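Chemist: Sharing a structure below in structure tokens format, with a few things to ask.
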Amino acid sequence: MSSKSENGQGGIRISFEFFPPKSEEAEQQLWNTVSELSEWEPEFVSVTYGAGGSTKAPTLSAVRKMIHETPFTTASHLTCVGATREDTHRVIDEFLATGVRRFVALRGDPPGGVGSAYQPHPGGYANAAELVTALRERGDFDISVSAYPEKHPESRDTVADIDMLKRKADNGADRALTQFFFDNDAFERYHDRVRATGIKIPVVPGIMPIQNLTQLKRFAGACGTSIPSWLDERFDGLDENTDERAKVAADVAAEQIQDLMRRGIHEFHLYTMNRSPLVSAVLERLGLQRKVDARAGAAA
């Protein structure tokens with residue numbers, strides 16, 4: 001297994017995902033996190049967007065500030081669920097006016113939440129492949145899409161799942177960012193099948209440093225991600241030991257990335273959960289250097 005690599009720090013390229021804040025306290029946390037993680041100089045960052053445009057205003061606000069007040073190359077998530085084509089076009093126009101030139105094109109979760117039945121809007125785009133086409137018709141944007149190493153929960157089977165990814169790639173997607181996973185063997189099997197189908201765009205592993213294993217299990221169950229038994233073993237007895245739990249979480253994510261690198265993967269998308277300490281600890285374990293560290297070394 002191999003993936004095209006344009007060497008960044010330590011031979012790898014990283015990107016981060018953030019979500020828009022819902023309170024003043026959350027907003028302060030987001031911008032503290034953004035400030036701290038900017039030291040790692042990611043290739044780009046993305047900001048999530050709620051189903052049916054439920055977070056359009058805070059997403060627009062966060063994206064605008066990132067584009068104009070931070071060093072980040074910024075992508076906005078964009079969904080088409082529950083919207084007419086005209087509604088989606090208006091949202092695209094708003095993002096373009098903000099300065100967005102990168103998108104993460106997604107169908108979006110059903111309004112009833114993950115697990116509820118999805119019904120395409122009768123006047124809208126039926127799926128992310130159609131949304132990619134719409135974006136391509138509007139301009140020469142950088143477009144990421146989603147991929148699912150363990151299959152999207154709503155897909156009939158892996159064949160159908162990969163067929164949808166191929167449609168998105170054929171319609172002009174630049175890369176696929178995967179759902180988080182912990183089974184690297186499952187990712188490798190998926191990656192091999194994707195390549196055998198003729199899909200050539202990068203498939204970038206989504207890495208989820210574990211902030212809280214109990215919460216993660218609930219989230220993983222809804223999105224179809226398996227939780228290996230060895231994770232329970234690694235975190236066993238650490239519920240009340242915050243420092244040790246954080247060390248184990250950083251070790252687990254760094255070990256996963258290192259193993260994927262040995263398998264030929266060199267691009268990684270980290271789900272930050274709008275918190276910097278654990279993400280930074282993972283990157284430190286990988287031997288990456290903060291921008292401020294590099295400057296200090298050059299001045300010494």
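Following the order of the structure tokens, chains are lettered A, B, ..., residues in each are numbered from 1, and ligands are numbered from 1.
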Show which residues sit within 9 Å of Phe235 (chain A), as an mmCIF file with all heavy atoms, in the first residue's frame. Count only C-alpha atoms, and ignore same-chain residues fewer than 6 positions away.
Modeler:
data_model
loop_
_atom_site.group_PDB
_atom_site.id
_atom_site.type_symbol
_atom_site.label_atom_id
_atom_site.label_comp_id
_atom_site.auth_asym_id
_atom_site.auth_seq_id
_atom_site.Cartn_x
_atom_site.Cartn_y
_atom_site.Cartn_z
ATOM 1 N N LEU A 213 -12.867 7.900 26.341
ATOM 2 C CA LEU A 213 -13.169 6.627 25.680
ATOM 3 C C LEU A 213 -14.655 6.280 25.761
ATOM 4 O O LEU A 213 -15.223 5.777 24.793
ATOM 5 C CB LEU A 213 -12.335 5.509 26.303
ATOM 6 C CG LEU A 213 -12.479 4.122 25.656
ATOM 7 C CD1 LEU A 213 -12.116 4.163 24.178
ATOM 8 C CD2 LEU A 213 -11.609 3.099 26.391
ATOM 9 N N ARG A 245 -3.965 8.939 31.671
ATOM 10 C CA ARG A 245 -4.910 8.688 30.585
ATOM 11 C C ARG A 245 -4.556 9.519 29.350
ATOM 12 O O ARG A 245 -4.615 9.034 28.223
ATOM 13 C CB ARG A 245 -6.329 9.008 31.049
ATOM 14 C CG ARG A 245 -7.404 8.513 30.084
ATOM 15 C CD ARG A 245 -8.788 8.640 30.690
ATOM 16 N NE ARG A 245 -9.211 10.015 30.819
ATOM 17 C CZ ARG A 245 -9.517 10.621 31.954
ATOM 18 N NH1 ARG A 245 -9.456 9.939 33.094
ATOM 19 N NH2 ARG A 245 -9.918 11.875 31.984
ATOM 20 N N VAL A 248 -1.533 7.915 27.611
ATOM 21 C CA VAL A 248 -1.918 6.726 26.854
ATOM 22 C C VAL A 248 -2.640 7.133 25.575
ATOM 23 O O VAL A 248 -2.394 6.569 24.498
ATOM 24 C CB VAL A 248 -2.801 5.793 27.712
ATOM 25 C CG1 VAL A 248 -3.415 4.685 26.851
ATOM 26 C CG2 VAL A 248 -1.985 5.194 28.845
ATOM 27 N N ALA A 249 -3.531 8.127 25.663
ATOM 28 C CA ALA A 249 -4.263 8.589 24.479
ATOM 29 C C ALA A 249 -3.305 9.110 23.412
ATOM 30 O O ALA A 249 -3.469 8.827 22.216
ATOM 31 C CB ALA A 249 -5.264 9.668 24.878
#
Chemist: Name all residues at most 7 Å from region 144-152 of chain A (count only C-alpha atoms; drop same-chain ones fewer than 3 positions away) and give them as a ChimeraX atom specification.
Modeler: /A:103-106,155,158,161,165,173-179,186-187,190,224-225
Chemist: Could you save those same residues with C-alpha atoms as an mmCIF file, in the first residue's frame?
Modeler:
data_model
loop_
_atom_site.group_PDB
_atom_site.id
_atom_site.type_symbol
_atom_site.label_atom_id
_atom_site.label_comp_id
_atom_site.auth_asym_id
_atom_site.auth_seq_id
_atom_site.Cartn_x
_atom_site.Cartn_y
_atom_site.Cartn_z
ATOM 1 C CA PHE A 103 -14.756 22.859 0.660
ATOM 2 C CA VAL A 104 -15.393 19.528 2.332
ATOM 3 C CA ALA A 105 -18.445 18.385 0.358
ATOM 4 C CA LEU A 106 -20.769 16.110 2.316
ATOM 5 C CA SER A 155 -24.398 1.815 2.704
ATOM 6 C CA THR A 158 -18.599 -2.008 0.891
ATOM 7 C CA ASP A 161 -19.774 2.457 -0.476
ATOM 8 C CA LEU A 165 -16.500 7.358 -3.431
ATOM 9 C CA ALA A 173 -12.996 15.620 -5.684
ATOM 10 C CA ASP A 174 -9.338 16.272 -4.824
ATOM 11 C CA ARG A 175 -9.034 13.992 -1.794
ATOM 12 C CA ALA A 176 -11.027 11.859 0.602
ATOM 13 C CA LEU A 177 -10.862 12.347 4.376
ATOM 14 C CA THR A 178 -11.865 9.210 6.235
ATOM 15 C CA GLN A 179 -14.119 8.610 9.164
ATOM 16 C CA ALA A 186 -9.259 -2.573 7.999
ATOM 17 C CA PHE A 187 -7.999 0.703 6.545
ATOM 18 C CA TYR A 190 -10.200 -0.619 2.239
ATOM 19 C CA GLY A 224 -20.074 2.491 12.404
ATOM 20 C CA THR A 225 -16.518 2.636 13.759
#
Chemist: Sorted by chain and rising residue number, which residues of region 32-72 of chain A lie within 9 Å of region 90-95 of chain A, and what are their closest atom pairs and distances in Å to one decimal, counting only C-alpha atoms, as a Markdown table?
Modeler:
| residue | atom | partner | partner_atom | distance |
| --- | --- | --- | --- | --- |
| A:Gly53 | CA | A:Val91 | CA | 8.6 |
| A:Lys56 | CA | A:Val91 | CA | 8.2 |
| A:Leu60 | CA | A:Phe95 | CA | 6.8 |
| A:Val63 | CA | A:Phe95 | CA | 8.5 |
| A:Arg64 | CA | A:Phe95 | CA | 8.5 |
Chemist: Between CA of Arg275 (chain A) and CA of Thr33 (chain A), what is the distance in Å, rounded to a tenth?
Modeler: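 Atom-to-atom, CA of Arg275 (chain A) to CA of Thr33 (chain A), that is 5.6 Å.
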Chemist: I need the residues in region 2-197 of chain A that are strand (DSSP E or B) according to DSSP; give them as a PyMOL selection string.
Modeler: chain A and resi 13-18+44-47+74-79+102-106+142-147+175-180
Chemist: Using only C-alpha atoms, determine which residues lie at most 8 Å from region 276-282 of chain A, disregarding the query and same-chain residues fewer than 2 positions distant; provide the list as a list in words.
Modeler: Thr33, Val34, Glu36, Leu37, Pro209, Gln211, Ala246, Ala249, Ala250, Asp251, Ala253, Ala254, Leu270, Thr272, Asn274, Glu284, Arg285 and Leu286 of chain A
Chemist: Write out, as a tab-separated table (two decimals), in the first residue's frame, the residues just selected, with all heavy atoms.
Modeler:
chain	number	residue	atom	x	y	z
A	33	THR	N	-7.34	27.21	21.07
A	33	THR	CA	-6.86	26.00	20.40
A	33	THR	C	-6.26	26.34	19.05
A	33	THR	O	-5.19	25.82	18.68
A	33	THR	CB	-8.03	25.00	20.23
A	33	THR	OG1	-8.50	24.62	21.51
A	33	THR	CG2	-7.58	23.77	19.46
A	34	VAL	N	-6.93	27.19	18.30
A	34	VAL	CA	-6.43	27.60	16.99
A	34	VAL	C	-5.05	28.24	17.12
A	34	VAL	O	-4.13	27.95	16.36
A	34	VAL	CB	-7.43	28.57	16.32
A	34	VAL	CG1	-6.78	29.31	15.16
A	34	VAL	CG2	-8.66	27.81	15.84
A	36	GLU	N	-2.83	27.84	19.51
A	36	GLU	CA	-1.82	26.87	19.92
A	36	GLU	C	-1.47	25.90	18.78
A	36	GLU	O	-0.30	25.58	18.56
A	36	GLU	CB	-2.32	26.11	21.15
A	36	GLU	CG	-2.36	27.00	22.39
A	36	GLU	CD	-3.33	26.49	23.46
A	36	GLU	OE1	-3.86	25.37	23.29
A	36	GLU	OE2	-3.55	27.22	24.44
A	37	LEU	N	-2.47	25.45	18.04
A	37	LEU	CA	-2.21	24.47	16.99
A	37	LEU	C	-1.63	25.10	15.73
A	37	LEU	O	-1.08	24.40	14.88
A	37	LEU	CB	-3.48	23.70	16.65
A	37	LEU	CG	-3.99	22.75	17.74
A	37	LEU	CD1	-5.21	21.98	17.25
A	37	LEU	CD2	-2.90	21.79	18.21
A	209	PRO	N	-7.64	11.38	18.26
A	209	PRO	CA	-7.04	11.21	19.59
A	209	PRO	C	-8.16	11.10	20.62
A	209	PRO	O	-9.12	11.88	20.59
A	209	PRO	CB	-6.22	12.49	19.78
A	209	PRO	CG	-5.95	12.98	18.38
A	209	PRO	CD	-7.19	12.63	17.62
A	211	GLN	N	-10.12	11.68	23.62
A	211	GLN	CA	-10.29	12.56	24.77
A	211	GLN	C	-11.03	11.85	25.89
A	211	GLN	O	-10.71	12.02	27.07
A	211	GLN	CB	-11.08	13.82	24.35
A	211	GLN	CG	-10.52	14.58	23.17
A	211	GLN	CD	-9.37	15.49	23.55
A	211	GLN	OE1	-9.06	15.67	24.72
A	211	GLN	NE2	-8.72	16.09	22.54
A	246	ALA	N	-4.14	10.76	29.58
A	246	ALA	CA	-3.75	11.62	28.46
A	246	ALA	C	-2.50	11.08	27.77
A	246	ALA	O	-2.38	11.14	26.54
A	246	ALA	CB	-3.52	13.05	28.95
A	249	ALA	N	-3.53	8.13	25.66
A	249	ALA	CA	-4.26	8.59	24.48
A	249	ALA	C	-3.30	9.11	23.41
A	249	ALA	O	-3.47	8.83	22.22
A	249	ALA	CB	-5.26	9.67	24.88
A	250	ALA	N	-2.30	9.87	23.84
A	250	ALA	CA	-1.32	10.39	22.88
A	250	ALA	C	-0.50	9.25	22.28
A	250	ALA	O	-0.21	9.25	21.08
A	250	ALA	CB	-0.40	11.40	23.57
A	251	ASP	N	-0.13	8.28	23.12
A	251	ASP	CA	0.63	7.12	22.62
A	251	ASP	C	-0.17	6.36	21.57
A	251	ASP	O	0.36	5.98	20.52
A	251	ASP	CB	0.98	6.17	23.77
A	251	ASP	CG	2.07	6.72	24.69
A	251	ASP	OD1	2.78	7.65	24.28
A	251	ASP	OD2	2.18	6.21	25.83
A	253	ALA	N	-2.65	7.30	19.56
A	253	ALA	CA	-2.78	8.00	18.28
A	253	ALA	C	-1.45	8.05	17.53
A	253	ALA	O	-1.41	7.85	16.31
A	253	ALA	CB	-3.32	9.41	18.50
A	254	ALA	N	-0.37	8.32	18.26
A	254	ALA	CA	0.94	8.38	17.60
A	254	ALA	C	1.34	7.02	17.05
A	254	ALA	O	1.87	6.92	15.94
A	254	ALA	CB	2.00	8.89	18.59
A	270	LEU	N	-6.44	15.19	11.53
A	270	LEU	CA	-6.67	14.98	12.96
A	270	LEU	C	-7.93	15.71	13.41
A	270	LEU	O	-8.10	16.91	13.16
A	270	LEU	CB	-5.48	15.48	13.78
A	270	LEU	CG	-4.29	14.51	13.88
A	270	LEU	CD1	-3.50	14.48	12.57
A	270	LEU	CD2	-3.37	14.90	15.03
A	272	THR	N	-9.64	17.41	16.13
A	272	THR	CA	-9.10	18.07	17.32
A	272	THR	C	-10.09	18.15	18.46
A	272	THR	O	-9.68	18.33	19.62
A	272	THR	CB	-8.65	19.51	17.00
A	272	THR	OG1	-9.82	20.34	16.75
A	272	THR	CG2	-7.73	19.56	15.80
A	274	ASN	N	-11.63	20.62	19.11
A	274	ASN	CA	-11.39	21.99	19.58
A	274	ASN	C	-10.54	22.04	20.85
A	274	ASN	O	-10.68	22.94	21.67
A	274	ASN	CB	-12.70	22.74	19.80
A	274	ASN	CG	-13.41	23.07	18.51
A	274	ASN	OD1	-13.02	22.61	17.43
A	274	ASN	ND2	-14.45	23.88	18.59
A	284	GLU	N	4.11	15.77	18.99
A	284	GLU	CA	5.43	15.74	19.63
A	284	GLU	C	5.99	14.32	19.60
A	284	GLU	O	7.19	14.12	19.35
A	284	GLU	CB	5.33	16.23	21.07
A	284	GLU	CG	5.13	17.74	21.17
A	284	GLU	CD	4.74	18.19	22.57
A	284	GLU	OE1	4.54	17.30	23.44
A	284	GLU	OE2	4.61	19.41	22.79
A	285	ARG	N	5.15	13.33	19.86
A	285	ARG	CA	5.60	11.94	19.83
A	285	ARG	C	6.04	11.51	18.44
A	285	ARG	O	6.85	10.59	18.29
A	285	ARG	CB	4.50	11.01	20.35
A	285	ARG	CG	4.38	10.98	21.87
A	285	ARG	CD	3.03	10.46	22.32
A	285	ARG	NE	2.98	10.20	23.76
A	285	ARG	CZ	2.92	11.14	24.69
A	285	ARG	NH1	2.93	12.42	24.33
A	285	ARG	NH2	2.85	10.81	25.98
A	286	LEU	N	5.51	12.16	17.43
A	286	LEU	CA	5.90	11.84	16.05
A	286	LEU	C	7.19	12.54	15.63
A	286	LEU	O	7.70	12.33	14.53
A	286	LEU	CB	4.77	12.24	15.08
A	286	LEU	CG	3.46	11.45	15.24
A	286	LEU	CD1	2.39	12.06	14.34
A	286	LEU	CD2	3.66	9.98	14.91
Chemist: Applying 12 Å and only C-alpha atoms, which residues near Asp170 (chain A) remain after dropping the ones on its own chain fewer than 5 positions away? List them as a list in words.
Modeler: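 My reading of the contact set: Ala128, Ala129, Glu130, Val132, Thr133, Arg136, Val145, Asp163, Met164, Leu165, Arg175, Thr197, Gly198, Ile199, Lys200 and Ile201 of chain A.
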Chemist: Restricting it to C-alpha atoms, dump the selection as a compact mmCIF listing (two decimals), in the first residue's frame.
Modeler:
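Result went into result_37.txt, see below:
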# COMPACT_ATOMS: atom_id res chain seq x y z
CA ALA A 128 -22.23 14.35 -2.09
CA ALA A 129 -21.28 13.24 -5.62
CA GLU A 130 -23.90 15.63 -7.03
CA VAL A 132 -19.13 17.93 -5.92
CA THR A 133 -20.39 18.41 -9.48
CA ARG A 136 -16.96 22.11 -9.85
CA VAL A 145 -15.01 14.42 0.42
CA ASP A 163 -18.82 3.07 -5.75
CA MET A 164 -20.08 6.28 -4.15
CA LEU A 165 -16.50 7.36 -3.43
CA ARG A 175 -9.03 13.99 -1.79
CA THR A 197 -11.49 0.28 -8.31
CA GLY A 198 -9.43 2.91 -10.10
CA ILE A 199 -9.80 5.70 -7.56
CA LYS A 200 -6.58 7.70 -7.60
CA ILE A 201 -7.22 10.62 -5.24
Chemist: What's the separation between CA of Glu86 (chain A) and CA of Arg107 (chain A), in Å to one decimal place?
Modeler: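 Atom-to-atom, CA of Glu86 (chain A) and CA of Arg107 (chain A) are spaced 15.6 Å apart.
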Chemist: With only C-alpha atoms as the atoms that count, which of A:Leu131, A:Ala169, A:Ile207, A:Leu96 lies nearest to Glu255 (chain A)?
Modeler: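 The shortest atom-to-atom distance to Glu255 (chain A) comes from A:Ile207.
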Chemist: May I have the residues within 9 Å of Thr70 (chain A) as a list in words, using only C-alpha atoms and disregarding those fewer than 2 positions away in the same chain?
Modeler: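 Result of the neighbour search: Val34, Ser35, Ser38, Lys65, Met66, Ile67, His68, Phe72 and Thr73 of chain A.
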Chemist: The selected residues should be written to file as a short mmCIF file (atom, residue, chain, number, x, y, z; two decimals), in the first residue's frame (atoms: all heavy atoms).
Modeler:
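That gives us again.cif:
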data_model
loop_
_atom_site.label_atom_id
_atom_site.label_comp_id
_atom_site.auth_asym_id
_atom_site.auth_seq_id
_atom_site.Cartn_x
_atom_site.Cartn_y
_atom_site.Cartn_z
N VAL A 34 -6.93 27.19 18.30
CA VAL A 34 -6.43 27.60 16.99
C VAL A 34 -5.05 28.24 17.12
O VAL A 34 -4.13 27.95 16.36
CB VAL A 34 -7.43 28.57 16.32
CG1 VAL A 34 -6.78 29.31 15.16
CG2 VAL A 34 -8.66 27.81 15.84
N SER A 35 -4.91 29.12 18.11
CA SER A 35 -3.63 29.79 18.33
C SER A 35 -2.52 28.79 18.64
O SER A 35 -1.41 28.85 18.08
CB SER A 35 -3.76 30.80 19.46
OG SER A 35 -2.51 31.40 19.76
N SER A 38 -1.70 26.42 15.61
CA SER A 38 -1.09 27.07 14.45
C SER A 38 0.42 26.87 14.44
O SER A 38 1.06 26.93 13.38
CB SER A 38 -1.42 28.57 14.43
OG SER A 38 -0.80 29.24 15.52
N LYS A 65 -13.07 34.30 10.24
CA LYS A 65 -11.98 34.70 11.12
C LYS A 65 -10.72 33.91 10.83
O LYS A 65 -9.61 34.46 10.84
CB LYS A 65 -12.41 34.51 12.58
CG LYS A 65 -11.39 35.03 13.59
CD LYS A 65 -11.97 35.08 14.99
CE LYS A 65 -10.95 35.64 15.98
NZ LYS A 65 -11.53 35.79 17.34
N MET A 66 -10.87 32.60 10.56
CA MET A 66 -9.69 31.78 10.26
C MET A 66 -9.00 32.25 8.98
O MET A 66 -7.77 32.29 8.90
CB MET A 66 -10.08 30.31 10.16
CG MET A 66 -10.35 29.68 11.51
SD MET A 66 -10.42 27.88 11.44
CE MET A 66 -11.01 27.52 13.09
N ILE A 67 -9.80 32.58 7.98
CA ILE A 67 -9.22 33.01 6.71
C ILE A 67 -8.50 34.34 6.84
O ILE A 67 -7.40 34.54 6.30
CB ILE A 67 -10.32 33.09 5.62
CG1 ILE A 67 -10.76 31.68 5.23
CG2 ILE A 67 -9.83 33.86 4.40
CD1 ILE A 67 -11.93 31.65 4.26
N HIS A 68 -9.11 35.27 7.58
CA HIS A 68 -8.58 36.63 7.60
C HIS A 68 -7.69 36.96 8.79
O HIS A 68 -6.95 37.95 8.76
CB HIS A 68 -9.74 37.63 7.54
CG HIS A 68 -10.54 37.54 6.28
ND1 HIS A 68 -10.04 37.90 5.04
CD2 HIS A 68 -11.80 37.07 6.04
CE1 HIS A 68 -10.94 37.71 4.11
NE2 HIS A 68 -12.03 37.19 4.68
N PHE A 72 -3.98 29.88 8.76
CA PHE A 72 -4.51 28.63 8.24
C PHE A 72 -5.09 28.77 6.83
O PHE A 72 -5.85 29.71 6.55
CB PHE A 72 -5.61 28.08 9.14
CG PHE A 72 -5.14 27.56 10.47
CD1 PHE A 72 -5.96 27.64 11.58
CD2 PHE A 72 -3.89 26.97 10.62
CE1 PHE A 72 -5.56 27.14 12.81
CE2 PHE A 72 -3.48 26.48 11.84
CZ PHE A 72 -4.31 26.57 12.94
N THR A 73 -4.77 27.83 5.97
CA THR A 73 -5.54 27.60 4.75
C THR A 73 -6.80 26.86 5.20
O THR A 73 -6.70 25.79 5.80
CB THR A 73 -4.75 26.75 3.75
OG1 THR A 73 -3.57 27.47 3.38
CG2 THR A 73 -5.57 26.44 2.51
#
Chemist: I need the residues of region 119-271 of chain A that end up classed as alpha helix (DSSP H) by DSSP on the backbone, written out as JSON, numbers by chain.
Modeler: {"A": [128, 129, 130, 131, 132, 133, 134, 135, 136, 137, 138, 158, 159, 160, 161, 162, 163, 164, 165, 166, 167, 168, 169, 170, 184, 185, 186, 187, 188, 189, 190, 191, 192, 193, 194, 195, 196, 213, 214, 215, 216, 217, 218, 219, 220, 221, 222, 223, 229, 230, 231, 232, 233, 234, 235, 242, 243, 244, 245, 246, 247, 248, 249, 250, 251, 252, 253, 254, 255, 256, 257, 258, 259, 260, 261, 262]}
Chemist: Quick check, in Å to one decimal: how far apart do CA of Val203 (chain A) and CA of Ala62 (chain A) lie?
Modeler: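 Distance reported for this atom pair: 26.2 Å.
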